[in-house]
>>> print(open('protein_13.txt').read())   # compact mmCIF, C-alpha atoms
# COMPACT_ATOMS: atom_id res chain seq x y z
CA GLY A 188 22.96 -2.01 11.48
CA LEU A 189 19.28 -2.47 10.93
CA GLY A 190 19.64 -2.97 7.16
CA ALA A 191 22.18 -5.74 7.66
CA SER A 192 19.91 -7.46 10.20
CA ALA A 193 16.98 -7.30 7.78
CA ALA A 194 19.14 -8.75 4.99
CA VAL A 195 20.25 -11.64 7.22
CA LEU A 196 16.64 -12.35 8.22
CA LEU A 197 15.51 -12.25 4.59
CA ALA A 198 18.30 -14.62 3.55
CA ALA A 199 17.44 -17.01 6.38
CA PHE A 200 13.76 -16.90 5.40
CA ALA A 201 14.58 -17.59 1.75
CA LEU A 202 16.84 -20.51 2.70
CA GLN A 203 14.17 -21.98 4.98
CA GLU A 204 11.42 -21.57 2.37
CA ARG A 205 13.59 -23.10 -0.36
CA HIS A 206 14.07 -26.33 1.61
CA ALA A 207 10.68 -26.61 3.33
CA ARG A 208 8.30 -29.34 2.17
CA ALA A 209 5.31 -27.03 2.50
CA PRO A 210 6.67 -23.47 2.39
CA VAL A 211 4.58 -20.61 3.74
CA LEU A 212 5.53 -18.49 0.72
CA PRO A 213 6.80 -20.66 -2.14
CA LEU A 214 9.71 -18.87 -3.80
CA ARG A 215 8.55 -20.18 -7.19
CA LEU A 216 5.84 -17.50 -7.08
CA PHE A 217 8.55 -14.86 -7.52
CA ARG A 218 9.46 -16.39 -10.90
CA GLU A 219 6.17 -14.97 -12.17
CA PRO A 220 6.91 -11.33 -13.09
CA VAL A 221 3.37 -10.20 -12.28
CA PHE A 222 3.66 -11.58 -8.74
CA SER A 223 7.08 -10.00 -8.19
CA VAL A 224 6.01 -6.57 -9.44
CA ALA A 225 2.68 -6.75 -7.61
CA SER A 226 4.48 -7.60 -4.37
CA LEU A 227 6.75 -4.57 -4.70
CA VAL A 228 3.92 -2.24 -5.70
CA THR A 229 1.80 -3.52 -2.82
CA VAL A 230 4.61 -2.81 -0.36
CA LEU A 231 4.78 0.76 -1.69
CA ALA A 232 1.00 1.17 -1.53
CA GLY A 233 0.97 -0.19 2.03
CA MET A 234 3.66 2.30 2.98
CA SER A 235 1.55 5.12 1.57
CA MET A 236 -1.74 4.01 3.06
CA PHE A 237 -0.63 3.21 6.59
CA ALA A 238 1.70 6.20 6.88
CA GLY A 239 -1.24 8.46 6.03
CA ILE A 240 -3.64 6.68 8.35
CA ILE A 241 -1.22 6.87 11.27
CA TYR A 242 0.48 10.24 10.83
CA LEU A 243 -2.18 12.52 9.35
CA PRO A 244 -4.21 12.51 12.59
CA LEU A 245 -1.03 13.27 14.55
CA TYR A 246 -0.20 16.09 12.15
CA LEU A 247 -3.69 17.51 12.54
CA GLN A 248 -3.40 17.42 16.33
CA ILE A 249 0.17 18.62 16.77
CA VAL A 250 0.53 21.11 13.91
CA THR A 251 -2.98 22.45 13.36
CA GLY A 252 -4.15 22.18 16.96
CA ALA A 253 -7.14 19.93 16.27
CA SER A 254 -8.39 17.83 19.16
CA ALA A 255 -8.14 14.05 18.92
CA SER A 256 -11.83 13.84 18.04
CA GLU A 257 -11.53 16.57 15.40
CA ALA A 258 -8.47 14.88 13.90
CA GLY A 259 -10.38 11.60 13.69
CA VAL A 260 -13.25 13.28 11.89
CA LEU A 261 -10.89 15.18 9.59
CA VAL A 262 -9.26 11.90 8.48
CA ILE A 263 -12.58 10.38 7.39
CA PRO A 264 -12.12 11.87 3.88
CA LEU A 265 -8.91 9.85 3.50
CA MET A 266 -10.79 6.65 4.27
CA VAL A 267 -13.65 7.65 1.97
CA GLY A 268 -11.10 8.33 -0.78
CA ILE A 269 -9.48 4.92 -0.29
CA SER A 270 -12.87 3.18 -0.46
CA ALA A 271 -14.02 5.22 -3.46
CA GLY A 272 -10.73 4.67 -5.30
CA ALA A 273 -10.86 0.93 -4.67
CA PHE A 274 -14.52 0.69 -5.71
CA ALA A 275 -14.16 2.76 -8.87
CA THR A 276 -10.97 1.01 -9.91
CA GLY A 277 -12.45 -2.42 -9.24
CA ARG A 278 -15.50 -1.61 -11.35
CA THR A 279 -13.37 -0.17 -14.17
CA VAL A 280 -11.03 -3.17 -14.17
CA SER A 281 -13.94 -5.61 -14.24
CA LEU A 282 -15.55 -3.77 -17.17
CA SER A 283 -12.41 -3.11 -19.21
CA GLY A 284 -10.20 -6.05 -18.23
CA ARG A 285 -7.23 -3.67 -18.11
CA TYR A 286 -5.41 -3.07 -14.87
CA LYS A 287 -1.86 -1.94 -15.68
CA PRO A 288 -2.37 1.84 -15.60
CA PHE A 289 -4.18 1.99 -12.27
CA PRO A 290 -1.30 1.15 -9.89
CA LEU A 291 1.04 3.45 -11.79
CA VAL A 292 -1.41 6.35 -11.64
CA GLY A 293 -2.31 5.57 -8.02
CA LEU A 294 1.29 5.56 -6.81
CA ALA A 295 2.10 8.69 -8.81
CA VAL A 296 -0.91 10.52 -7.34
CA SER A 297 0.09 9.42 -3.84
CA ALA A 298 3.67 10.62 -4.36
CA VAL A 299 2.49 14.01 -5.62
CA ILE A 300 0.05 14.45 -2.73
CA TYR A 301 2.68 13.48 -0.14
CA THR A 302 5.00 16.06 -1.73
CA VAL A 303 2.28 18.71 -1.42
CA LEU A 304 1.50 17.61 2.16
CA SER A 305 5.17 18.00 3.06
CA ARG A 306 4.79 21.72 2.31
CA THR A 307 1.77 22.30 4.56
CA GLY A 308 1.90 24.05 7.89
CA ALA A 309 -0.20 25.30 10.77
CA ASP A 310 -1.83 27.93 8.56
CA THR A 311 -2.95 25.46 5.87
CA PRO A 312 -6.76 25.54 5.71
CA HIS A 313 -8.55 22.38 6.80
CA ALA A 314 -10.52 22.43 3.53
CA LEU A 315 -7.27 22.08 1.56
CA LEU A 316 -6.04 19.29 3.84
CA ILE A 317 -9.35 17.47 3.40
CA ALA A 318 -9.13 17.79 -0.39
CA LEU A 319 -5.54 16.49 -0.33
CA MET A 320 -6.58 13.55 1.85
CA VAL A 321 -9.41 12.63 -0.52
CA VAL A 322 -7.05 12.63 -3.49
CA LEU A 323 -4.42 10.69 -1.51
CA GLY A 324 -7.08 8.13 -0.65
CA LEU A 325 -8.17 7.87 -4.28
CA GLY A 326 -4.57 7.26 -5.36
CA THR A 327 -3.94 4.67 -2.68
CA GLY A 328 -7.28 3.00 -3.30
CA MET A 329 -6.44 2.52 -6.97
CA VAL A 330 -3.54 0.22 -6.17
CA ASN A 331 -4.71 -2.43 -3.71
CA PRO A 332 -7.59 -4.13 -5.54
CA THR A 333 -5.74 -3.92 -8.84
CA MET A 334 -2.72 -5.76 -7.49
CA MET A 335 -4.96 -8.41 -5.98
CA VAL A 336 -6.69 -9.02 -9.32
CA ALA A 337 -3.39 -9.07 -11.20
CA VAL A 338 -1.90 -11.67 -8.86
CA GLN A 339 -5.02 -13.81 -8.88
CA ASN A 340 -5.02 -13.81 -12.69
CA ALA A 341 -1.31 -14.70 -12.88
CA ALA A 342 -1.02 -17.31 -10.11
CA PRO A 343 -1.37 -21.00 -10.87
CA GLY A 344 -4.55 -22.53 -9.45
CA ALA A 345 -2.66 -24.52 -6.81
CA ASP A 346 -1.04 -21.34 -5.49
CA LEU A 347 -4.04 -19.01 -5.73
CA GLY A 348 -4.68 -18.84 -1.97
CA THR A 349 -1.02 -18.38 -1.14
CA ALA A 350 -0.56 -15.68 -3.77
CA THR A 351 -3.66 -13.82 -2.59
CA SER A 352 -2.67 -13.92 1.06
CA SER A 353 0.89 -12.90 0.15
CA ILE A 354 -0.39 -9.66 -1.34
CA SER A 355 -2.16 -8.90 1.95
CA PHE A 356 1.06 -9.76 3.80
CA PHE A 357 3.13 -7.44 1.59
CA ARG A 358 0.63 -4.61 2.13
CA SER A 359 0.98 -5.06 5.90
CA MET A 360 4.75 -5.26 5.63
CA GLY A 361 4.76 -2.06 3.58
CA GLY A 362 2.58 -0.45 6.22
CA SER A 363 5.12 -1.34 8.90
CA PHE A 364 7.98 0.08 6.83
CA GLY A 365 6.00 3.18 5.91
CA VAL A 366 5.07 3.99 9.49
CA ALA A 367 8.67 3.44 10.62
CA LEU A 368 10.08 5.50 7.76
CA VAL A 369 7.73 8.45 8.19
CA GLY A 370 8.22 8.29 11.96
CA ALA A 371 11.98 8.49 11.47
CA VAL A 372 11.63 11.47 9.16
>>> encode(input="protein_13.txt", output="structure tokens")
Amino acid sequence: GLGASAAVLLAAFALQERHARAPVLPLRLFREPVFSVASLVTVLAGMSMFAGIIYLPLYLQIVTGASASEAGVLVIPLMVGISAGAFATGRTVSLSGRYKPFPLVGLAVSAVIYTVLSRTGADTPHALLIALMVVLGLGTGMVNPTMMVAVQNAAPGADLGTATSSISFFRSMGGSFGVALVGAV
């Protein structure tokens, strides 16, 4: 099945990267616990962010009857929440130097909001949906910049660029999985 194909591709990638002179993603980065955890958390955050960005407008159109333009406008609060969450978290991390609680809280908030969103229907007021999207955005926004800072602090200087770009890659990969998963559900 699909899971077996993904496992074979992952194994082939790991084998190739292990023997390459200049690997795209050096496997030694995964020996650093911060990088490994940040990669996983970033995949989860990407799943959350992209699933919301893709499917909330569809939900608004199909379930609530909003036009495409109305759905686009109604999703702006999600994007504002993501930006505000990222900005506030970035400022707080830079002032306090602490970043561990933010991804945990952000993912927990996102999980709770998705649970609440799963219970909404055609009669759910747009004001409630907007409030939920803002909070979802805040939760998602708390994760991305924090993971980037964590990885940049943990990566060796020679691997700083690779580690940074890997986090962006894992966010995109999570987005692909999230969109596929929510689409299947």
>>> residues_around(input="protein_13.txt", residues="region 352-358 of chain A", least_positions_apart="2", cutoff="7 Å", atoms="only C-alpha atoms", output="ChimeraX atom specification")
/A:226,229-230,232-233,335,348-350,360-362
>>> axis_aligned_box(input="protein_13.txt", around="region 327-344 of chain A", padding_each_side="3 Å", output="JSON")
{"center_x": -4.3, "center_y": -8.9, "center_z": -7.8, "size_x": 12.6, "size_y": 33.2, "size_z": 16.2}
>>> atom_distance(input="protein_13.txt", atom1="CA of Gly326 (chain A)", atom2="CA of Phe274 (chain A)")
11.9 Å
>>> closest_residue(input="protein_13.txt", among="A:Ala342, A:Ala271, A:Val330, A:Leu304", to="Pro288 (chain A)", atoms="all atoms listed in the file")
A:Val330
>>> residues_near_point(input="protein_13.txt", point="(-5.1, 7.0, 1.2)", cutoff="12 Å", atoms="all atoms listed in the file", output="VMD selection string")
chain A and resid 232 to 243 262 to 273 293 to 294 296 to 298 300 to 301 317 to 331 362
>>> atom_distance(input="protein_13.txt", atom1="CA of Leu261 (chain A)", atom2="CA of Gly365 (chain A)")
21.0 Å
>>> residues_around(input="protein_13.txt", residues="region 194-203 of chain A", least_positions_apart="5", cutoff="10 Å", atoms="all atoms listed in the file", output="ChimeraX atom specification")
/A:189,208,210-214
>>> atom_distance(input="protein_13.txt", atom1="CA of Val280 (chain A)", atom2="CA of Ala337 (chain A)")
10.1 Å
>>> decode(input="protein_13.txt", residues="region 232-281 of chain A", atoms="N, CA and C atoms", output="compact mmCIF listing (two decimals), in the first residue's frame")
# COMPACT_ATOMS: atom_id res chain seq x y z
N ALA A 232 2.94 20.85 12.87
CA ALA A 232 2.47 22.24 12.70
C ALA A 232 2.13 22.52 11.24
N GLY A 233 2.92 21.98 10.32
CA GLY A 233 2.61 22.15 8.90
C GLY A 233 1.30 21.48 8.53
N MET A 234 1.06 20.30 9.12
CA MET A 234 -0.21 19.61 8.87
C MET A 234 -1.37 20.50 9.32
N SER A 235 -1.24 21.06 10.49
CA SER A 235 -2.29 21.91 11.04
C SER A 235 -2.51 23.16 10.20
N MET A 236 -1.43 23.84 9.89
CA MET A 236 -1.53 25.11 9.19
C MET A 236 -2.11 24.94 7.78
N PHE A 237 -1.53 24.05 7.00
CA PHE A 237 -1.97 23.92 5.62
C PHE A 237 -3.35 23.29 5.50
N ALA A 238 -3.68 22.37 6.40
CA ALA A 238 -5.03 21.79 6.37
C ALA A 238 -6.07 22.88 6.61
N GLY A 239 -5.80 23.76 7.55
CA GLY A 239 -6.72 24.87 7.81
C GLY A 239 -6.81 25.84 6.65
N ILE A 240 -5.67 26.18 6.09
CA ILE A 240 -5.65 27.14 4.98
C ILE A 240 -6.38 26.59 3.76
N ILE A 241 -6.28 25.30 3.52
CA ILE A 241 -6.90 24.71 2.34
C ILE A 241 -8.38 24.39 2.57
N TYR A 242 -8.70 23.77 3.71
CA TYR A 242 -10.05 23.24 3.88
C TYR A 242 -11.04 24.17 4.56
N LEU A 243 -10.59 25.14 5.34
CA LEU A 243 -11.57 26.05 5.94
C LEU A 243 -12.34 26.86 4.90
N PRO A 244 -11.69 27.37 3.85
CA PRO A 244 -12.49 28.05 2.81
C PRO A 244 -13.49 27.11 2.13
N LEU A 245 -13.09 25.87 1.89
CA LEU A 245 -14.02 24.91 1.29
C LEU A 245 -15.19 24.64 2.23
N TYR A 246 -14.90 24.49 3.50
CA TYR A 246 -15.96 24.29 4.49
C TYR A 246 -16.92 25.47 4.46
N LEU A 247 -16.38 26.67 4.46
CA LEU A 247 -17.22 27.86 4.47
C LEU A 247 -18.11 27.92 3.23
N GLN A 248 -17.59 27.50 2.10
CA GLN A 248 -18.38 27.53 0.86
C GLN A 248 -19.42 26.41 0.83
N ILE A 249 -18.99 25.19 1.12
CA ILE A 249 -19.86 24.04 0.94
C ILE A 249 -20.88 23.92 2.08
N VAL A 250 -20.44 24.10 3.30
CA VAL A 250 -21.31 23.87 4.45
C VAL A 250 -22.13 25.11 4.81
N THR A 251 -21.47 26.27 4.86
CA THR A 251 -22.20 27.47 5.31
C THR A 251 -22.81 28.25 4.15
N GLY A 252 -22.45 27.90 2.93
CA GLY A 252 -23.03 28.58 1.77
C GLY A 252 -22.38 29.90 1.41
N ALA A 253 -21.21 30.18 1.96
CA ALA A 253 -20.50 31.42 1.62
C ALA A 253 -20.00 31.34 0.18
N SER A 254 -19.95 32.48 -0.48
CA SER A 254 -19.37 32.51 -1.82
C SER A 254 -17.85 32.36 -1.70
N ALA A 255 -17.20 32.15 -2.83
CA ALA A 255 -15.74 32.02 -2.81
C ALA A 255 -15.09 33.28 -2.25
N SER A 256 -15.60 34.43 -2.64
CA SER A 256 -15.05 35.69 -2.14
C SER A 256 -15.29 35.84 -0.64
N GLU A 257 -16.49 35.51 -0.19
CA GLU A 257 -16.79 35.59 1.24
C GLU A 257 -15.92 34.62 2.04
N ALA A 258 -15.73 33.43 1.52
CA ALA A 258 -14.89 32.45 2.20
C ALA A 258 -13.45 32.96 2.32
N GLY A 259 -12.97 33.57 1.26
CA GLY A 259 -11.62 34.14 1.30
C GLY A 259 -11.49 35.21 2.36
N VAL A 260 -12.48 36.07 2.45
CA VAL A 260 -12.45 37.13 3.46
C VAL A 260 -12.58 36.53 4.86
N LEU A 261 -13.43 35.52 5.00
CA LEU A 261 -13.64 34.91 6.31
C LEU A 261 -12.42 34.16 6.83
N VAL A 262 -11.50 33.80 5.94
CA VAL A 262 -10.29 33.09 6.36
C VAL A 262 -9.16 34.06 6.73
N ILE A 263 -9.33 35.32 6.44
CA ILE A 263 -8.31 36.31 6.81
C ILE A 263 -7.98 36.24 8.30
N PRO A 264 -8.96 36.07 9.20
CA PRO A 264 -8.61 35.97 10.63
C PRO A 264 -7.64 34.83 10.96
N LEU A 265 -7.73 33.73 10.22
CA LEU A 265 -6.77 32.64 10.43
C LEU A 265 -5.36 33.13 10.13
N MET A 266 -5.20 33.82 9.01
CA MET A 266 -3.88 34.31 8.62
C MET A 266 -3.38 35.38 9.59
N VAL A 267 -4.29 36.23 10.05
CA VAL A 267 -3.92 37.25 11.04
C VAL A 267 -3.48 36.57 12.33
N GLY A 268 -4.20 35.52 12.73
CA GLY A 268 -3.83 34.77 13.93
C GLY A 268 -2.46 34.12 13.80
N ILE A 269 -2.17 33.54 12.65
CA ILE A 269 -0.85 32.93 12.42
C ILE A 269 0.24 33.98 12.54
N SER A 270 0.04 35.12 11.88
CA SER A 270 1.04 36.20 11.93
C SER A 270 1.20 36.74 13.35
N ALA A 271 0.08 36.97 14.03
CA ALA A 271 0.15 37.50 15.39
C ALA A 271 0.80 36.51 16.35
N GLY A 272 0.45 35.23 16.20
CA GLY A 272 1.06 34.20 17.05
C GLY A 272 2.56 34.10 16.83
N ALA A 273 2.98 34.15 15.57
CA ALA A 273 4.40 34.08 15.25
C ALA A 273 5.14 35.31 15.79
N PHE A 274 4.54 36.49 15.60
CA PHE A 274 5.18 37.72 16.05
C PHE A 274 5.30 37.74 17.57
N ALA A 275 4.21 37.47 18.26
CA ALA A 275 4.22 37.53 19.72
C ALA A 275 5.16 36.47 20.31
N THR A 276 5.13 35.29 19.74
CA THR A 276 6.02 34.24 20.24
C THR A 276 7.47 34.58 19.97
N GLY A 277 7.75 35.09 18.78
CA GLY A 277 9.13 35.49 18.46
C GLY A 277 9.65 36.55 19.41
N ARG A 278 8.82 37.54 19.70
CA ARG A 278 9.22 38.60 20.64
C ARG A 278 9.45 38.03 22.04
N THR A 279 8.54 37.17 22.48
CA THR A 279 8.65 36.59 23.82
C THR A 279 9.88 35.71 23.94
N VAL A 280 10.15 34.92 22.92
CA VAL A 280 11.34 34.06 22.93
C VAL A 280 12.60 34.91 22.95
N SER A 281 12.63 35.98 22.16
CA SER A 281 13.84 36.81 22.13
C SER A 281 14.06 37.53 23.45
